[in-house]
>>> print(open('structure03.csv').read())   # CSV, C-alpha atoms
chain,number,residue,atom,x,y,z
A,1,MET,CA,10.3,21.0,-14.3
A,2,LEU,CA,7.4,18.7,-13.4
A,3,ASP,CA,5.8,19.1,-10.0
A,4,ARG,CA,5.8,16.1,-7.7
A,5,LYS,CA,2.3,14.9,-8.8
A,6,GLU,CA,3.2,15.1,-12.5
A,7,GLN,CA,6.4,13.2,-11.7
A,8,GLU,CA,4.4,10.5,-9.9
A,9,ALA,CA,2.0,10.2,-12.8
A,10,LYS,CA,4.8,10.1,-15.4
A,11,PHE,CA,6.8,7.5,-13.4
A,12,HIS,CA,3.9,5.1,-12.9
A,13,ASN,CA,2.6,5.6,-16.4
A,14,GLN,CA,6.0,4.5,-17.7
A,15,ARG,CA,6.2,1.5,-15.3
A,16,GLU,CA,2.9,0.3,-16.5
A,17,GLN,CA,3.9,0.7,-20.1
A,18,ASP,CA,7.0,-1.3,-19.3
A,19,ARG,CA,4.9,-4.0,-17.6
A,20,LEU,CA,2.8,-4.4,-20.7
A,21,GLN,CA,5.6,-4.2,-23.3
A,22,LEU,CA,8.5,-6.0,-21.6
A,23,ASP,CA,8.6,-9.8,-21.0
A,24,GLU,CA,8.4,-10.8,-17.3
A,25,LYS,CA,12.1,-11.4,-16.9
A,26,GLU,CA,13.0,-8.0,-18.4
A,27,PHE,CA,10.4,-6.2,-16.2
A,28,GLN,CA,11.6,-7.9,-13.0
A,29,LYS,CA,15.2,-7.0,-13.9
A,30,LYS,CA,14.3,-3.3,-14.5
A,31,TYR,CA,12.2,-3.1,-11.3
A,32,ALA,CA,14.4,-5.3,-9.1
A,33,ASN,CA,12.9,-4.1,-5.9
A,34,LYS,CA,9.8,-6.3,-6.6
A,35,ARG,CA,11.8,-9.3,-5.5
A,36,PHE,CA,11.5,-8.3,-1.9
A,37,TYR,CA,7.8,-9.0,-1.9
A,38,ALA,CA,8.5,-12.7,-2.1
A,39,VAL,CA,9.0,-12.6,1.7
A,40,ALA,CA,6.0,-10.4,2.5
A,41,ARG,CA,3.9,-13.5,3.2
A,42,LYS,CA,2.7,-12.6,6.7
A,43,SER,CA,1.8,-9.0,5.9
A,44,SER,CA,0.0,-10.0,2.7
A,45,ALA,CA,-1.9,-12.8,4.5
A,46,TYR,CA,-3.0,-10.4,7.3
A,47,LEU,CA,-4.3,-7.9,4.7
A,48,ASN,CA,-6.1,-10.6,2.7
A,49,ASP,CA,-7.8,-12.0,5.8
A,50,TRP,CA,-8.7,-8.5,7.0
A,51,MET,CA,-10.4,-7.8,3.6
A,52,ASP,CA,-12.2,-11.1,3.7
A,53,GLN,CA,-13.6,-10.2,7.1
A,54,ASN,CA,-14.5,-6.6,6.5
A,55,CYS,CA,-15.3,-5.9,2.9
A,56,LYS,CA,-18.2,-8.1,1.8
A,57,GLY,CA,-21.1,-6.0,0.6
A,58,LYS,CA,-19.3,-2.8,1.4
A,59,ALA,CA,-18.4,0.3,-0.6
A,60,VAL,CA,-14.6,0.1,-0.6
A,61,LEU,CA,-12.0,2.6,-1.9
A,62,ASP,CA,-8.8,1.2,-3.3
A,63,TYR,CA,-6.8,4.4,-2.6
A,64,CYS,CA,-4.1,4.8,-5.3
A,65,CYS,CA,-5.1,1.5,-6.9
A,66,GLY,CA,-2.3,1.1,-9.3
A,67,THR,CA,-3.0,-1.7,-11.8
A,68,GLY,CA,-5.8,-3.1,-9.7
A,69,GLY,CA,-4.2,-6.1,-7.9
A,70,VAL,CA,-5.8,-5.2,-4.5
A,71,SER,CA,-9.0,-4.1,-6.3
A,72,LEU,CA,-9.4,-7.6,-7.7
A,73,GLU,CA,-8.9,-9.1,-4.3
A,74,LEU,CA,-11.5,-6.7,-2.9
A,75,ALA,CA,-14.0,-7.6,-5.6
A,76,GLN,CA,-13.4,-11.3,-4.9
A,77,HIS,CA,-14.2,-10.7,-1.3
A,78,GLY,CA,-17.6,-9.3,-2.2
A,79,ALA,CA,-16.9,-5.5,-2.2
A,80,TYR,CA,-18.1,-2.9,-4.6
A,81,VAL,CA,-14.8,-1.4,-5.5
A,82,TYR,CA,-13.9,2.3,-6.3
A,83,GLY,CA,-10.3,2.6,-7.5
A,84,ILE,CA,-8.5,5.9,-8.0
A,85,ASP,CA,-5.0,6.7,-9.1
A,86,ILE,CA,-3.0,9.6,-10.5
A,87,SER,CA,-1.6,7.3,-13.3
A,88,GLU,CA,-3.9,7.1,-16.3
A,89,GLU,CA,-2.2,4.0,-17.6
A,90,SER,CA,-2.6,2.2,-14.3
A,91,VAL,CA,-6.3,3.1,-14.0
A,92,ARG,CA,-6.9,1.8,-17.5
A,93,SER,CA,-5.1,-1.5,-16.6
A,94,ALA,CA,-7.0,-1.8,-13.3
A,95,ALA,CA,-10.4,-1.3,-15.0
A,96,ASN,CA,-9.5,-3.9,-17.7
A,97,ARG,CA,-8.3,-6.4,-15.1
A,98,LEU,CA,-11.6,-6.3,-13.2
A,99,ALA,CA,-13.7,-6.4,-16.3
A,100,ASP,CA,-11.7,-9.4,-17.6
A,101,ALA,CA,-12.3,-11.1,-14.3
A,102,GLY,CA,-16.0,-10.5,-14.5
A,103,TYR,CA,-16.2,-7.7,-11.9
A,104,GLY,CA,-16.7,-4.8,-14.3
A,105,GLU,CA,-20.2,-4.0,-13.0
A,106,LYS,CA,-19.0,-4.2,-9.4
A,107,SER,CA,-16.2,-1.7,-9.8
A,108,GLN,CA,-15.4,1.8,-11.2
A,109,PHE,CA,-12.1,3.5,-11.7
A,110,LYS,CA,-11.1,7.1,-12.1
A,111,VAL,CA,-7.9,9.2,-12.6
A,112,MET,CA,-7.9,11.3,-9.5
A,113,ASP,CA,-5.7,13.3,-7.2
A,114,ALA,CA,-5.6,11.3,-3.9
A,115,GLU,CA,-5.1,14.5,-1.9
A,116,LYS,CA,-8.3,16.1,-3.4
A,117,LEU,CA,-10.8,13.2,-3.5
A,118,GLN,CA,-13.9,13.8,-5.6
A,119,PHE,CA,-16.3,12.0,-3.3
A,120,GLU,CA,-18.9,13.2,-0.8
A,121,ASN,CA,-18.3,13.2,2.9
A,122,ASN,CA,-19.0,9.9,4.7
A,123,PHE,CA,-19.0,7.9,1.5
A,124,PHE,CA,-17.0,4.8,2.1
A,125,ASP,CA,-17.4,1.9,4.5
A,126,VAL,CA,-13.8,0.8,4.0
A,127,ILE,CA,-10.6,2.2,2.5
A,128,VAL,CA,-7.5,0.2,1.6
A,129,CYS,CA,-4.1,1.9,1.3
A,130,SER,CA,-1.6,-0.6,0.1
A,131,GLY,CA,1.9,0.9,-0.3
A,132,VAL,CA,0.7,4.3,-1.3
A,133,LEU,CA,1.0,6.9,1.5
A,134,HIS,CA,4.7,7.5,1.0
A,135,HIS,CA,3.8,8.8,-2.5
A,136,LEU,CA,1.6,11.5,-0.9
A,137,ASP,CA,1.7,14.5,1.4
A,138,VAL,CA,0.0,12.8,4.4
A,139,THR,CA,-0.9,16.2,5.9
A,140,LYS,CA,-3.3,16.4,2.9
A,141,ALA,CA,-4.1,12.7,2.6
A,142,PHE,CA,-5.2,12.0,6.1
A,143,PRO,CA,-7.9,14.7,6.3
A,144,GLU,CA,-9.3,13.6,3.0
A,145,LEU,CA,-9.4,10.0,4.1
A,146,SER,CA,-11.1,11.0,7.3
A,147,ARG,CA,-13.6,13.1,5.4
A,148,VAL,CA,-14.8,10.4,3.0
A,149,LEU,CA,-14.9,7.6,5.6
A,150,LYS,CA,-18.2,6.8,7.2
A,151,PRO,CA,-18.3,7.3,11.0
A,152,ASN,CA,-18.3,3.6,11.6
A,153,GLY,CA,-15.9,2.9,8.7
A,154,GLN,CA,-12.3,1.6,8.9
A,155,ILE,CA,-9.1,2.0,7.0
A,156,ILE,CA,-6.2,-0.4,6.6
A,157,CYS,CA,-2.8,0.8,5.5
A,158,LEU,CA,0.2,-1.4,4.5
A,159,GLU,CA,3.3,0.7,4.3
A,160,SER,CA,7.1,0.5,4.3
A,161,LEU,CA,8.9,1.8,7.4
A,162,GLY,CA,11.7,4.3,7.2
A,163,TYR,CA,14.0,3.5,10.1
A,164,ASN,CA,16.2,0.5,9.1
A,165,PRO,CA,19.6,1.9,8.0
A,166,VAL,CA,20.4,-1.1,5.8
A,167,ILE,CA,17.1,-0.8,3.9
A,168,ASN,CA,17.5,2.9,3.7
A,169,LEU,CA,20.9,2.5,2.1
A,170,TYR,CA,19.4,0.2,-0.5
A,171,ARG,CA,16.8,2.8,-1.2
A,172,LYS,CA,19.4,5.5,-1.7
A,173,LYS,CA,21.3,3.2,-4.1
A,174,THR,CA,18.2,2.5,-6.2
A,175,LEU,CA,16.8,5.9,-6.7
A,176,HIS,CA,15.8,5.0,-10.3
A,177,LEU,CA,13.2,2.6,-8.9
A,178,ARG,CA,11.2,5.4,-7.2
A,179,THR,CA,10.4,9.0,-7.5
A,180,ALA,CA,12.3,11.7,-5.7
A,181,TRP,CA,9.4,12.4,-3.4
A,182,GLU,CA,8.9,8.7,-2.6
A,183,ALA,CA,12.5,8.2,-1.7
A,184,GLU,CA,12.4,11.0,0.9
A,185,HIS,CA,9.0,10.2,2.4
A,186,ILE,CA,9.0,6.6,3.6
A,187,LEU,CA,6.8,6.6,6.6
A,188,THR,CA,7.9,6.7,10.2
A,189,MET,CA,6.0,6.7,13.4
A,190,ARG,CA,5.8,10.5,13.1
A,191,GLU,CA,3.3,10.0,10.2
A,192,VAL,CA,1.4,7.3,12.0
A,193,ASN,CA,1.1,9.5,15.1
A,194,LEU,CA,-0.1,12.3,12.8
A,195,ALA,CA,-3.0,10.1,11.9
A,196,LYS,CA,-4.2,10.4,15.5
A,197,ASN,CA,-5.2,14.0,14.6
A,198,TYR,CA,-7.8,12.6,12.3
A,199,PHE,CA,-8.8,9.3,13.8
A,200,ASN,CA,-9.6,8.3,17.3
A,201,LYS,CA,-8.3,4.8,16.9
A,202,VAL,CA,-4.9,3.9,15.4
A,203,ASP,CA,-3.5,0.4,15.8
A,204,VAL,CA,-0.1,-0.6,14.4
A,205,ASN,CA,1.7,-4.0,13.7
A,206,PHE,CA,5.1,-4.6,12.3
A,207,TYR,CA,6.3,-7.2,9.7
A,208,ASN,CA,9.4,-8.4,8.0
A,209,LEU,CA,12.8,-7.9,9.6
A,210,PHE,CA,14.9,-11.1,9.6
A,211,SER,CA,12.6,-12.6,7.0
A,212,ILE,CA,14.2,-10.3,4.4
A,213,LEU,CA,17.3,-12.5,4.7
A,214,ALA,CA,15.4,-15.1,2.7
A,215,VAL,CA,15.1,-12.9,-0.4
A,216,PRO,CA,18.3,-14.2,-2.1
A,217,PHE,CA,17.0,-17.8,-1.8
A,218,ARG,CA,13.5,-17.1,-3.2
A,219,ASN,CA,14.0,-19.3,-6.2
A,220,SER,CA,15.7,-22.2,-4.3
A,221,PHE,CA,14.2,-25.3,-2.6
A,222,ILE,CA,15.2,-23.9,0.8
A,223,PHE,CA,13.2,-20.7,0.5
A,224,LYS,CA,9.9,-21.9,2.1
A,225,PRO,CA,11.5,-23.6,5.2
A,226,LEU,CA,14.0,-20.7,5.6
A,227,LEU,CA,11.2,-18.1,5.4
A,228,THR,CA,9.1,-20.0,7.9
A,229,LEU,CA,12.1,-20.1,10.3
A,230,LEU,CA,12.8,-16.4,9.9
A,231,GLU,CA,9.2,-15.5,10.3
A,232,GLY,CA,9.3,-17.3,13.6
A,233,ILE,CA,12.2,-15.1,14.7
A,234,ASP,CA,10.4,-12.0,13.5
A,235,ALA,CA,7.4,-13.0,15.7
A,236,ILE,CA,9.6,-12.7,18.7
A,237,ALA,CA,11.9,-9.9,17.7
A,238,LEU,CA,9.2,-7.5,16.5
A,239,ARG,CA,7.6,-7.5,20.0
A,240,ILE,CA,10.7,-5.5,21.3
A,241,PRO,CA,10.0,-1.8,21.2
A,242,PHE,CA,13.2,-0.6,19.5
A,243,VAL,CA,13.7,-3.6,17.3
A,244,LYS,CA,10.2,-3.5,15.8
A,245,LEU,CA,11.0,-0.1,14.3
A,246,MET,CA,13.7,-1.8,12.1
A,247,ALA,CA,11.0,-3.8,10.3
A,248,TRP,CA,10.5,-3.3,6.6
A,249,GLN,CA,6.7,-3.1,6.7
A,250,MET,CA,3.9,-2.1,9.0
A,251,ILE,CA,0.2,-2.3,8.9
A,252,PHE,CA,-1.9,0.3,10.7
A,253,GLU,CA,-5.6,0.5,11.0
A,254,LEU,CA,-7.6,3.7,11.4
A,255,LYS,CA,-11.1,4.0,12.9
A,256,GLU,CA,-13.5,6.6,14.2
A,257,PRO,CA,-12.8,9.6,12.0
A,258,LYS,CA,-12.8,12.8,13.9
A,259,GLN,CA,-15.4,15.5,12.9
A,260,LYS,CA,-13.0,18.3,13.9
A,261,VAL,CA,-9.3,18.2,13.4
A,262,GLU,CA,-7.3,19.0,16.5
A,263,GLY,CA,-5.2,22.1,16.0
>>> encode(input="structure03.csv", output="structure tokens")
Amino acid sequence: MLDRKEQEAKFHNQREQDRLQLDEKEFQKKYANKRFYAVARKSSAYLNDWMDQNCKGKAVLDYCCGTGGVSLELAQHGAYVYGIDISEESVRSAANRLADAGYGEKSQFKVMDAEKLQFENNFFDVIVCSGVLHHLDVTKAFPELSRVLKPNGQIICLESLGYNPVINLYRKKTLHLRTAWEAEHILTMREVNLAKNYFNKVDVNFYNLFSILAVPFRNSFIFKPLLTLLEGIDAIALRIPFVKLMAWQMIFELKEPKQKVEG
């Protein structure tokens, strides 16, 4: 039986092979959960604006870079990009993507275990984690992230949240779209609070609750106005302490890595 890291590599290698070999319609049908990202406008915009403000001229790690979508955005914002991932197929595609876009000399990619980073201490100005921490053992990931981040560096994490019972039911019914580890390790506030053992500053914002209702209409003319309306409702609802935990996504920022981990 493959261990969890081998399973992750195998799953994401296969998904990347499918992306390259299947036509777009077939790929979207096989990986149907991708349709939900049509409503992730607010969280995506926040991440993009944050990268624009914080990454120019910086050494930035795209942590578990996948096929390099975020890496390309980072390069476009003026960063020197380091991308690592456990999937050899994904790393190859990421390197090709940035080379094709003219950023080959401003980026480098390696197959690497994200829980055992092959970088020196205090190496990165910025680290971006986009939808990756639920694939990892955060008790190993957080100390590594803290170790390689410069004292004045910062990390931004965009992650799914694991409280909403309706979303969790969907996850259980679509286990073929994710690895066994991933399905059982969607983040909660427990993991966010764990980060406080490794960083002095942890700030969290929540995204996408009612806006998810727009997903079935993503290909219709009413999608944009409906999504705008639902985003307005989210802006109010996600200020309420209990309600905000029902969100699909959260973004948390980590600063001031601790030199010594609290026991």
>>> atom_distance(input="structure03.csv", atom1="atom CA of A:Met246", atom2="atom CA of A:Leu187")
12.2 Å
>>> residues_around(input="structure03.csv", residues="stretch 5-22 of chain A", least_positions_apart="5", cutoff="10 Å", atoms="only C-alpha atoms", output="count of residues only")
27
>>> residues_around(input="structure03.csv", residues="A:Thr188", least_positions_apart="3", cutoff="10 Å", atoms="only C-alpha atoms", output="VMD selection string")
chain A and resid 134 159 to 163 185 191 to 193 245 250
>>> atom_distance(input="structure03.csv", atom1="atom CA of A:Leu98", atom2="atom CA of A:Ala75")
8.1 Å
>>> atom_distance(input="structure03.csv", atom1="atom CA of A:Lys244", atom2="atom CA of A:Ser211")
12.9 Å
>>> closest_residue(input="structure03.csv", among="A:Phe210, A:Phe217, A:Phe142, A:Phe223", to="A:Val243", atoms="only C-alpha atoms")
A:Phe210
